[in-house]
file input38.cif (mmCIF, C-alpha atoms, pLDDT in the B column; chains and numbers go by the auth columns)
data_start
loop_
_atom_site.group_PDB
_atom_site.id
_atom_site.type_symbol
_atom_site.label_atom_id
_atom_site.label_comp_id
_atom_site.label_asym_id
_atom_site.label_seq_id
_atom_site.Cartn_x
_atom_site.Cartn_y
_atom_site.Cartn_z
_atom_site.B_iso_or_equiv
_atom_site.auth_seq_id
_atom_site.auth_asym_id
ATOM 1 C CA MET A 1 40.505 8.441 -10.357 48.00 73 H
ATOM 2 C CA THR A 2 37.308 9.947 -9.040 49.00 74 H
ATOM 3 C CA THR A 3 34.091 8.074 -8.578 47.00 75 H
ATOM 4 C CA SER A 4 30.957 9.204 -10.248 44.00 76 H
ATOM 5 C CA PRO A 5 28.138 10.530 -8.056 47.00 77 H
ATOM 6 C CA ARG A 6 25.984 7.779 -9.516 46.00 78 H
ATOM 7 C CA THR A 7 28.121 5.033 -7.927 47.00 79 H
ATOM 8 C CA GLU A 8 28.122 6.783 -4.551 46.00 80 H
ATOM 9 C CA ARG A 9 24.386 7.381 -4.528 42.00 81 H
ATOM 10 C CA ARG A 10 22.460 5.160 -2.168 49.00 82 H
ATOM 11 C CA SER A 11 18.948 4.023 -2.879 51.00 83 H
ATOM 12 C CA ALA A 12 16.209 6.088 -1.287 57.00 84 H
ATOM 13 C CA LEU A 13 13.903 3.072 -1.243 60.00 85 H
ATOM 14 C CA PRO A 14 13.257 1.399 2.103 65.00 86 H
ATOM 15 C CA LEU A 15 14.418 -2.162 2.324 69.00 87 H
ATOM 16 C CA PRO A 16 11.847 -4.792 3.234 71.00 88 H
ATOM 17 C CA LEU A 17 13.163 -6.427 6.405 83.00 89 H
ATOM 18 C CA ALA A 18 11.825 -9.470 8.196 83.00 90 H
ATOM 19 C CA ASP A 19 12.378 -8.113 11.711 85.00 91 H
ATOM 20 C CA GLN A 20 10.550 -4.801 11.285 89.00 92 H
ATOM 21 C CA THR A 21 6.893 -4.813 12.246 93.00 93 H
ATOM 22 C CA VAL A 22 6.038 -1.605 10.369 95.00 94 H
ATOM 23 C CA PHE A 23 6.941 -0.753 6.788 95.00 95 H
ATOM 24 C CA SER A 24 6.327 2.785 5.557 94.00 96 H
ATOM 25 C CA PHE A 25 6.991 4.326 2.159 92.00 97 H
ATOM 26 C CA ARG A 26 6.095 7.721 0.678 94.00 98 H
ATOM 27 C CA PHE A 27 5.346 7.733 -3.028 94.00 99 H
ATOM 28 C CA THR A 28 4.319 10.147 -5.733 93.00 100 H
ATOM 29 C CA PRO A 29 0.567 9.786 -6.323 93.00 101 H
ATOM 30 C CA SER A 30 0.989 8.708 -9.925 94.00 102 H
ATOM 31 C CA PRO A 31 0.538 5.410 -11.766 94.00 103 H
ATOM 32 C CA ARG A 32 4.280 4.768 -11.462 96.00 104 H
ATOM 33 C CA GLY A 33 4.249 5.537 -7.722 95.00 105 H
ATOM 34 C CA ALA A 34 1.240 3.250 -7.213 96.00 106 H
ATOM 35 C CA ARG A 35 3.010 0.397 -9.026 96.00 107 H
ATOM 36 C CA LEU A 36 6.067 0.873 -6.819 96.00 108 H
ATOM 37 C CA ALA A 37 3.908 0.857 -3.673 96.00 109 H
ATOM 38 C CA ARG A 38 2.311 -2.420 -4.777 96.00 110 H
ATOM 39 C CA ARG A 39 5.710 -3.978 -5.499 96.00 111 H
ATOM 40 C CA LEU A 40 7.175 -2.915 -2.162 96.00 112 H
ATOM 41 C CA ALA A 41 4.115 -4.259 -0.314 97.00 113 H
ATOM 42 C CA SER A 42 4.665 -7.561 -2.122 96.00 114 H
ATOM 43 C CA CYS A 43 8.362 -7.633 -1.178 94.00 115 H
ATOM 44 C CA GLN A 44 7.600 -6.807 2.461 95.00 116 H
ATOM 45 C CA MET A 45 5.030 -9.596 2.732 96.00 117 H
ATOM 46 C CA ASP A 46 7.606 -12.014 1.336 94.00 118 H
ATOM 47 C CA ALA A 47 10.217 -10.741 3.822 94.00 119 H
ATOM 48 C CA TRP A 48 7.728 -11.347 6.648 94.00 120 H
ATOM 49 C CA GLY A 49 7.361 -14.944 5.502 93.00 121 H
ATOM 50 C CA TRP A 50 4.116 -14.891 3.523 94.00 122 H
ATOM 51 C CA ARG A 51 5.521 -16.125 0.249 94.00 123 H
ATOM 52 C CA TYR A 52 4.459 -15.108 -3.236 92.00 124 H
ATOM 53 C CA GLY A 53 1.297 -16.934 -4.255 93.00 125 H
ATOM 54 C CA THR A 54 -0.070 -17.461 -0.735 94.00 126 H
ATOM 55 C CA SER A 55 -3.513 -16.118 0.072 94.00 127 H
ATOM 56 C CA ALA A 56 -2.258 -13.602 2.655 95.00 128 H
ATOM 57 C CA HIS A 57 0.474 -12.291 0.358 96.00 129 H
ATOM 58 C CA ASP A 58 -1.788 -11.897 -2.649 96.00 130 H
ATOM 59 C CA SER A 59 -4.584 -10.249 -0.624 97.00 131 H
ATOM 60 C CA VAL A 60 -2.271 -7.629 0.884 97.00 132 H
ATOM 61 C CA GLU A 61 -0.621 -6.995 -2.495 97.00 133 H
ATOM 62 C CA LEU A 62 -3.975 -6.506 -4.235 97.00 134 H
ATOM 63 C CA ILE A 63 -5.349 -4.253 -1.496 98.00 135 H
ATOM 64 C CA ALA A 64 -2.170 -2.139 -1.459 98.00 136 H
ATOM 65 C CA ALA A 65 -2.350 -1.870 -5.263 97.00 137 H
ATOM 66 C CA GLU A 66 -5.992 -0.778 -5.233 96.00 138 H
ATOM 67 C CA LEU A 67 -5.601 1.776 -2.447 97.00 139 H
ATOM 68 C CA ALA A 68 -2.418 3.195 -3.997 96.00 140 H
ATOM 69 C CA ALA A 69 -4.103 3.444 -7.405 95.00 141 H
ATOM 70 C CA ASN A 70 -7.063 5.231 -5.805 94.00 142 H
ATOM 71 C CA ALA A 71 -4.672 7.667 -4.088 94.00 143 H
ATOM 72 C CA ALA A 72 -3.020 8.362 -7.442 93.00 144 H
ATOM 73 C CA THR A 73 -6.336 8.772 -9.257 91.00 145 H
ATOM 74 C CA HIS A 74 -8.566 10.486 -6.705 88.00 146 H
ATOM 75 C CA GLY A 75 -6.246 11.783 -3.967 86.00 147 H
ATOM 76 C CA ARG A 76 -3.564 13.553 -5.953 85.00 148 H
ATOM 77 C CA VAL A 77 -2.584 17.076 -4.940 86.00 149 H
ATOM 78 C CA PRO A 78 0.377 18.536 -6.860 85.00 150 H
ATOM 79 C CA GLY A 79 3.473 18.647 -4.676 83.00 151 H
ATOM 80 C CA ARG A 80 2.088 16.294 -2.019 90.00 152 H
ATOM 81 C CA ASP A 81 3.125 12.667 -1.560 93.00 153 H
ATOM 82 C CA ALA A 82 0.976 9.693 -0.706 95.00 154 H
ATOM 83 C CA GLU A 83 2.109 7.096 1.809 96.00 155 H
ATOM 84 C CA LEU A 84 1.862 3.327 2.099 97.00 156 H
ATOM 85 C CA ARG A 85 2.102 1.818 5.570 97.00 157 H
ATOM 86 C CA LEU A 86 1.999 -1.889 6.400 98.00 158 H
ATOM 87 C CA SER A 87 1.970 -3.123 9.969 97.00 159 H
ATOM 88 C CA ARG A 88 2.228 -6.719 11.094 95.00 160 H
ATOM 89 C CA GLU A 89 -0.034 -7.211 14.081 91.00 161 H
ATOM 90 C CA ASP A 90 0.560 -9.762 16.851 87.00 162 H
ATOM 91 C CA ASP A 91 -2.927 -11.205 16.374 88.00 163 H
ATOM 92 C CA GLY A 92 -2.220 -12.615 12.895 89.00 164 H
ATOM 93 C CA HIS A 93 -3.329 -9.633 10.814 95.00 165 H
ATOM 94 C CA VAL A 94 -1.630 -7.163 8.510 97.00 166 H
ATOM 95 C CA ARG A 95 -2.950 -3.623 8.421 98.00 167 H
ATOM 96 C CA VAL A 96 -2.610 -1.835 5.080 98.00 168 H
ATOM 97 C CA GLU A 97 -2.890 1.965 5.077 98.00 169 H
ATOM 98 C CA VAL A 98 -2.616 4.402 2.187 97.00 170 H
ATOM 99 C CA SER A 99 -2.740 8.114 2.935 96.00 171 H
ATOM 100 C CA ASP A 100 -3.236 10.940 0.461 94.00 172 H
ATOM 101 C CA ALA A 101 -3.756 14.707 0.630 92.00 173 H
ATOM 102 C CA ARG A 102 -7.434 14.859 -0.430 89.00 174 H
ATOM 103 C CA GLY A 103 -9.404 14.578 2.794 84.00 175 H
ATOM 104 C CA GLU A 104 -12.580 15.922 1.209 86.00 176 H
ATOM 105 C CA ARG A 105 -12.760 13.034 -1.298 81.00 177 H
ATOM 106 C CA LEU A 106 -13.718 9.954 0.680 84.00 178 H
ATOM 107 C CA PRO A 107 -13.884 6.602 -1.100 81.00 179 H
ATOM 108 C CA GLU A 108 -17.269 5.100 -1.764 77.00 180 H
ATOM 109 C CA VAL A 109 -18.223 1.627 -2.826 75.00 181 H
ATOM 110 C CA ARG A 110 -20.429 1.811 -5.874 70.00 182 H
ATOM 111 C CA ASP A 111 -22.082 -0.633 -8.173 70.00 183 H
ATOM 112 C CA ALA A 112 -20.214 -0.159 -11.443 62.00 184 H
ATOM 113 C CA GLY A 113 -22.168 -1.033 -14.536 61.00 185 H
ATOM 114 C CA SER A 114 -21.004 -3.785 -16.856 62.00 186 H
ATOM 115 C CA GLU A 115 -19.893 -1.214 -19.441 66.00 187 H
ATOM 116 C CA GLU A 116 -17.683 0.762 -17.036 63.00 188 H
ATOM 117 C CA ASP A 117 -13.918 0.244 -16.986 60.00 189 H
ATOM 118 C CA GLY A 118 -13.442 0.929 -13.274 61.00 190 H
ATOM 119 C CA GLY A 119 -15.306 1.295 -10.030 63.00 191 H
ATOM 120 C CA ARG A 120 -14.936 -2.210 -8.610 73.00 192 H
ATOM 121 C CA GLY A 121 -11.730 -1.850 -6.608 85.00 193 H
ATOM 122 C CA LEU A 122 -13.284 -1.162 -3.231 89.00 194 H
ATOM 123 C CA LEU A 123 -15.561 -4.174 -3.695 90.00 195 H
ATOM 124 C CA LEU A 124 -12.376 -6.261 -3.950 92.00 196 H
ATOM 125 C CA VAL A 125 -10.934 -4.581 -0.870 94.00 197 H
ATOM 126 C CA ALA A 126 -14.140 -5.297 1.080 93.00 198 H
ATOM 127 C CA ALA A 127 -14.130 -8.922 -0.074 93.00 199 H
ATOM 128 C CA LEU A 128 -10.478 -9.565 0.885 95.00 200 H
ATOM 129 C CA ALA A 129 -10.226 -7.529 4.102 96.00 201 H
ATOM 130 C CA GLU A 130 -11.732 -8.423 7.436 96.00 202 H
ATOM 131 C CA GLU A 131 -12.613 -4.742 7.784 96.00 203 H
ATOM 132 C CA TRP A 132 -11.722 -1.462 6.101 96.00 204 H
ATOM 133 C CA GLY A 133 -12.460 2.217 6.490 96.00 205 H
ATOM 134 C CA THR A 134 -11.147 5.765 6.424 95.00 206 H
ATOM 135 C CA ALA A 135 -9.665 8.126 8.980 95.00 207 H
ATOM 136 C CA PRO A 136 -8.181 11.624 8.942 94.00 208 H
ATOM 137 C CA ARG A 137 -4.512 11.549 7.925 91.00 209 H
ATOM 138 C CA PRO A 138 -2.407 11.831 11.087 85.00 210 H
ATOM 139 C CA GLY A 139 -0.127 14.858 11.167 86.00 211 H
ATOM 140 C CA ALA A 140 -1.021 16.153 7.706 86.00 212 H
ATOM 141 C CA PRO A 141 -4.035 17.217 5.668 89.00 213 H
ATOM 142 C CA GLY A 142 -5.861 14.420 3.918 93.00 214 H
ATOM 143 C CA LYS A 143 -7.193 10.972 4.658 95.00 215 H
ATOM 144 C CA THR A 144 -5.993 7.457 5.319 96.00 216 H
ATOM 145 C CA VAL A 145 -7.812 4.495 3.815 96.00 217 H
ATOM 146 C CA TRP A 146 -7.042 1.324 5.748 97.00 218 H
ATOM 147 C CA ALA A 147 -7.799 -2.376 5.565 98.00 219 H
ATOM 148 C CA VAL A 148 -7.118 -5.219 8.003 97.00 220 H
ATOM 149 C CA VAL A 149 -6.209 -8.514 6.333 97.00 221 H
ATOM 150 C CA PRO A 150 -6.274 -11.841 8.184 94.00 222 H
ATOM 151 C CA THR A 151 -3.031 -13.643 7.431 91.00 223 H
ATOM 152 C CA GLY A 152 -2.850 -16.685 9.643 79.00 224 H
ATOM 153 C CA PRO A 153 0.487 -18.212 10.582 69.00 225 H
ATOM 154 C CA VAL A 154 3.555 -17.829 8.424 67.00 226 H
ATOM 155 C CA ARG A 155 4.316 -20.974 6.413 58.00 227 H
ATOM 156 C CA GLN A 156 7.970 -21.436 5.638 52.00 228 H
#
call {"tool": "encode", "arguments": {"input": "input38.cif", "output": "structure tokens"}}
result
Amino acid sequence: MTTSPRTERRSALPLPLADQTVFSFRFTPSPRGARLARRLASCQMDAWGWRYGTSAHDSVELIAAELAANAATHGRVPGRDAELRLSREDDGHVRVEVSDARGERLPEVRDAGSEEDGGRGLLLVAALAEEWGTAPRPGAPGKTVWAVVPTGPVRQ
């Protein structure tokens, strides 16, 4: 009896691990890819000990979701991936980075009117993060949008 290639196939998704200090994941800049980036950020925060529903967990999840959605909406270049990177800092912060291939399109905070459907995401990022900004994408064309989130101690 032969096994099907499907049963031998291993997942290409990175596993959230408690002992790693950096989590990195490349995703397709699409709505589906952005949802996956948000979910993996949520799982990694839980693996690091910031449980679902805590302030630190929810802030990082929301920021990752917003930056990934922006990469999918405004940073998409056909054939180029976006990347989510989370790093747990020793000083009680988590750094969230999302890179995309559109370096010429920098994010801007704007005052969305009450009739507009979007345009408020970066206001949320600014409210939840201690600081945020942009930088050239290291090693590839594009930009990285980053945010530093205060997390405090892990509560078990």
call {"tool": "residues_near_point", "arguments": {"input": "input38.cif", "point": "(11.7, -8.0, 10.9)", "cutoff": "12 Å", "atoms": "only C-alpha atoms", "output": "number ranges by chain"}}
result
H: 87-95, 116-121, 159-160
call {"tool": "closest_residue", "arguments": {"input": "input38.cif", "among": "H:Arg110, H:Ala199, H:Glu169, H:Val181", "to": "Leu134 of chain H", "atoms": "only C-alpha atoms"}}
result
H:Arg110
call {"tool": "resolve_selection", "arguments": {"input": "input38.cif", "expression": "the PyMOL selection byres ((chain H and resi 172-179) around 9)", "output": "PDB file with C-alpha atoms, keeping the file's coordinate frame"}}
result
ATOM      1  CA  PRO H 101       0.567   9.786  -6.323  1.00 93.00           C
ATOM      2  CA  ALA H 140      -2.418   3.195  -3.997  1.00 96.00           C
ATOM      3  CA  ASN H 142      -7.063   5.231  -5.805  1.00 94.00           C
ATOM      4  CA  ALA H 143      -4.672   7.667  -4.088  1.00 94.00           C
ATOM      5  CA  ALA H 144      -3.020   8.362  -7.442  1.00 93.00           C
ATOM      6  CA  HIS H 146      -8.566  10.486  -6.705  1.00 88.00           C
ATOM      7  CA  GLY H 147      -6.246  11.783  -3.967  1.00 86.00           C
ATOM      8  CA  ARG H 148      -3.564  13.553  -5.953  1.00 85.00           C
ATOM      9  CA  VAL H 149      -2.584  17.076  -4.940  1.00 86.00           C
ATOM     10  CA  ARG H 152       2.088  16.294  -2.019  1.00 90.00           C
ATOM     11  CA  ASP H 153       3.125  12.667  -1.560  1.00 93.00           C
ATOM     12  CA  ALA H 154       0.976   9.693  -0.706  1.00 95.00           C
ATOM     13  CA  GLU H 155       2.109   7.096   1.809  1.00 96.00           C
ATOM     14  CA  VAL H 170      -2.616   4.402   2.187  1.00 97.00           C
ATOM     15  CA  SER H 171      -2.740   8.114   2.935  1.00 96.00           C
ATOM     16  CA  GLU H 180     -17.269   5.100  -1.764  1.00 77.00           C
ATOM     17  CA  VAL H 181     -18.223   1.627  -2.826  1.00 75.00           C
ATOM     18  CA  LEU H 194     -13.284  -1.162  -3.231  1.00 89.00           C
ATOM     19  CA  GLY H 205     -12.460   2.217   6.490  1.00 96.00           C
ATOM     20  CA  THR H 206     -11.147   5.765   6.424  1.00 95.00           C
ATOM     21  CA  ALA H 207      -9.665   8.126   8.980  1.00 95.00           C
ATOM     22  CA  PRO H 208      -8.181  11.624   8.942  1.00 94.00           C
ATOM     23  CA  ARG H 209      -4.512  11.549   7.925  1.00 91.00           C
ATOM     24  CA  ALA H 212      -1.021  16.153   7.706  1.00 86.00           C
ATOM     25  CA  PRO H 213      -4.035  17.217   5.668  1.00 89.00           C
ATOM     26  CA  GLY H 214      -5.861  14.420   3.918  1.00 93.00           C
ATOM     27  CA  LYS H 215      -7.193  10.972   4.658  1.00 95.00           C
ATOM     28  CA  THR H 216      -5.993   7.457   5.319  1.00 96.00           C
ATOM     29  CA  VAL H 217      -7.812   4.495   3.815  1.00 96.00           C
TER      30      VAL H 217
END
call {"tool": "resolve_selection", "arguments": {"input": "input38.cif", "expression": "the PyMOL selection byres ((chain H and resi 193) around 9)", "output": "count of residues only"}}
result
13
call {"tool": "closest_residue", "arguments": {"input": "input38.cif", "among": "H:Val132, H:Gly151, H:Trp122, H:Leu156", "to": "Ser96 of chain H", "atoms": "only C-alpha atoms"}}
result
H:Leu156
call {"tool": "atom_distance", "arguments": {"input": "input38.cif", "atom1": "atom CA of Ala128 of chain H", "atom2": "atom CA of Arg182 of chain H"}}
result
25.3 Å
call {"tool": "closest_residue", "arguments": {"input": "input38.cif", "among": "H:Arg157, H:His129, H:Arg104, H:Arg111", "to": "Val221 of chain H", "atoms": "all atoms listed in the file"}}
result
H:His129
call {"tool": "closest_residue", "arguments": {"input": "input38.cif", "among": "H:Leu158, H:Val168, H:Ala113, H:Ala106", "to": "Thr145 of chain H", "atoms": "all atoms listed in the file"}}
result
H:Ala106
call {"tool": "closest_residue", "arguments": {"input": "input38.cif", "among": "H:Gly105, H:Asp183, H:Leu200, H:Gly211", "to": "Ser131 of chain H", "atoms": "all atoms listed in the file"}}
result
H:Leu200
call {"tool": "atom_distance", "arguments": {"input": "input38.cif", "atom1": "atom CA of Glu202 of chain H", "atom2": "atom CA of Cys115 of chain H"}}
result
21.9 Å
call {"tool": "decode", "arguments": {"input": "input38.cif", "residues": "segment 77-131 of chain H", "atoms": "C-alpha atoms", "output": "CSV table (one decimal), in the first residue's frame"}}
result
chain,number,residue,atom,x,y,z
H,77,PRO,CA,1.4,12.6,-1.1
H,78,ARG,CA,-1.2,14.5,1.0
H,79,THR,CA,-0.5,12.4,4.1
H,80,GLU,CA,3.3,12.9,3.7
H,81,ARG,CA,3.0,16.6,3.1
H,82,ARG,CA,4.2,18.7,6.1
H,83,SER,CA,2.7,22.0,6.9
H,84,ALA,CA,4.6,25.0,5.5
H,85,LEU,CA,3.3,27.2,8.4
H,86,PRO,CA,5.7,28.1,11.1
H,87,LEU,CA,4.8,26.8,14.5
H,88,PRO,CA,4.3,29.4,17.3
H,89,LEU,CA,6.9,28.3,20.0
H,90,ALA,CA,7.3,29.7,23.5
H,91,ASP,CA,11.1,29.6,23.5
H,92,GLN,CA,11.6,31.6,20.2
H,93,THR,CA,12.1,35.3,20.6
H,94,VAL,CA,11.4,36.1,16.9
H,95,PHE,CA,8.5,34.8,14.9
H,96,SER,CA,8.5,35.5,11.1
H,97,PHE,CA,6.0,34.5,8.4
H,98,ARG,CA,5.7,35.4,4.8
H,99,PHE,CA,2.2,35.7,3.4
H,100,THR,CA,0.4,36.5,0.2
H,101,PRO,CA,-0.7,40.2,0.3
H,102,SER,CA,-4.4,39.3,0.0
H,103,PRO,CA,-7.3,39.4,2.5
H,104,ARG,CA,-6.8,35.7,3.2
H,105,GLY,CA,-3.1,36.1,3.8
H,106,ALA,CA,-3.8,39.1,6.1
H,107,ARG,CA,-6.2,37.0,8.1
H,108,LEU,CA,-3.7,34.2,8.4
H,109,ALA,CA,-1.0,36.7,9.6
H,110,ARG,CA,-3.4,38.0,12.3
H,111,ARG,CA,-4.2,34.5,13.4
H,112,LEU,CA,-0.6,33.5,13.7
H,113,ALA,CA,0.3,36.7,15.6
H,114,SER,CA,-2.5,35.7,18.0
H,115,CYS,CA,-1.2,32.2,18.4
H,116,GLN,CA,2.4,33.4,18.9
H,117,MET,CA,1.3,35.8,21.7
H,118,ASP,CA,-0.5,33.0,23.4
H,119,ALA,CA,2.6,30.8,23.1
H,120,TRP,CA,4.7,33.5,24.7
H,121,GLY,CA,2.3,33.6,27.6
H,122,TRP,CA,0.1,36.6,26.9
H,123,ARG,CA,-3.2,34.8,26.9
H,124,TYR,CA,-6.2,35.5,24.7
H,125,GLY,CA,-8.2,38.4,26.0
H,126,THR,CA,-5.3,40.1,27.8
H,127,SER,CA,-4.5,43.7,26.8
H,128,ALA,CA,-1.1,42.9,25.4
H,129,HIS,CA,-2.4,40.0,23.3
H,130,ASP,CA,-5.3,41.9,21.9
H,131,SER,CA,-3.2,45.0,21.1
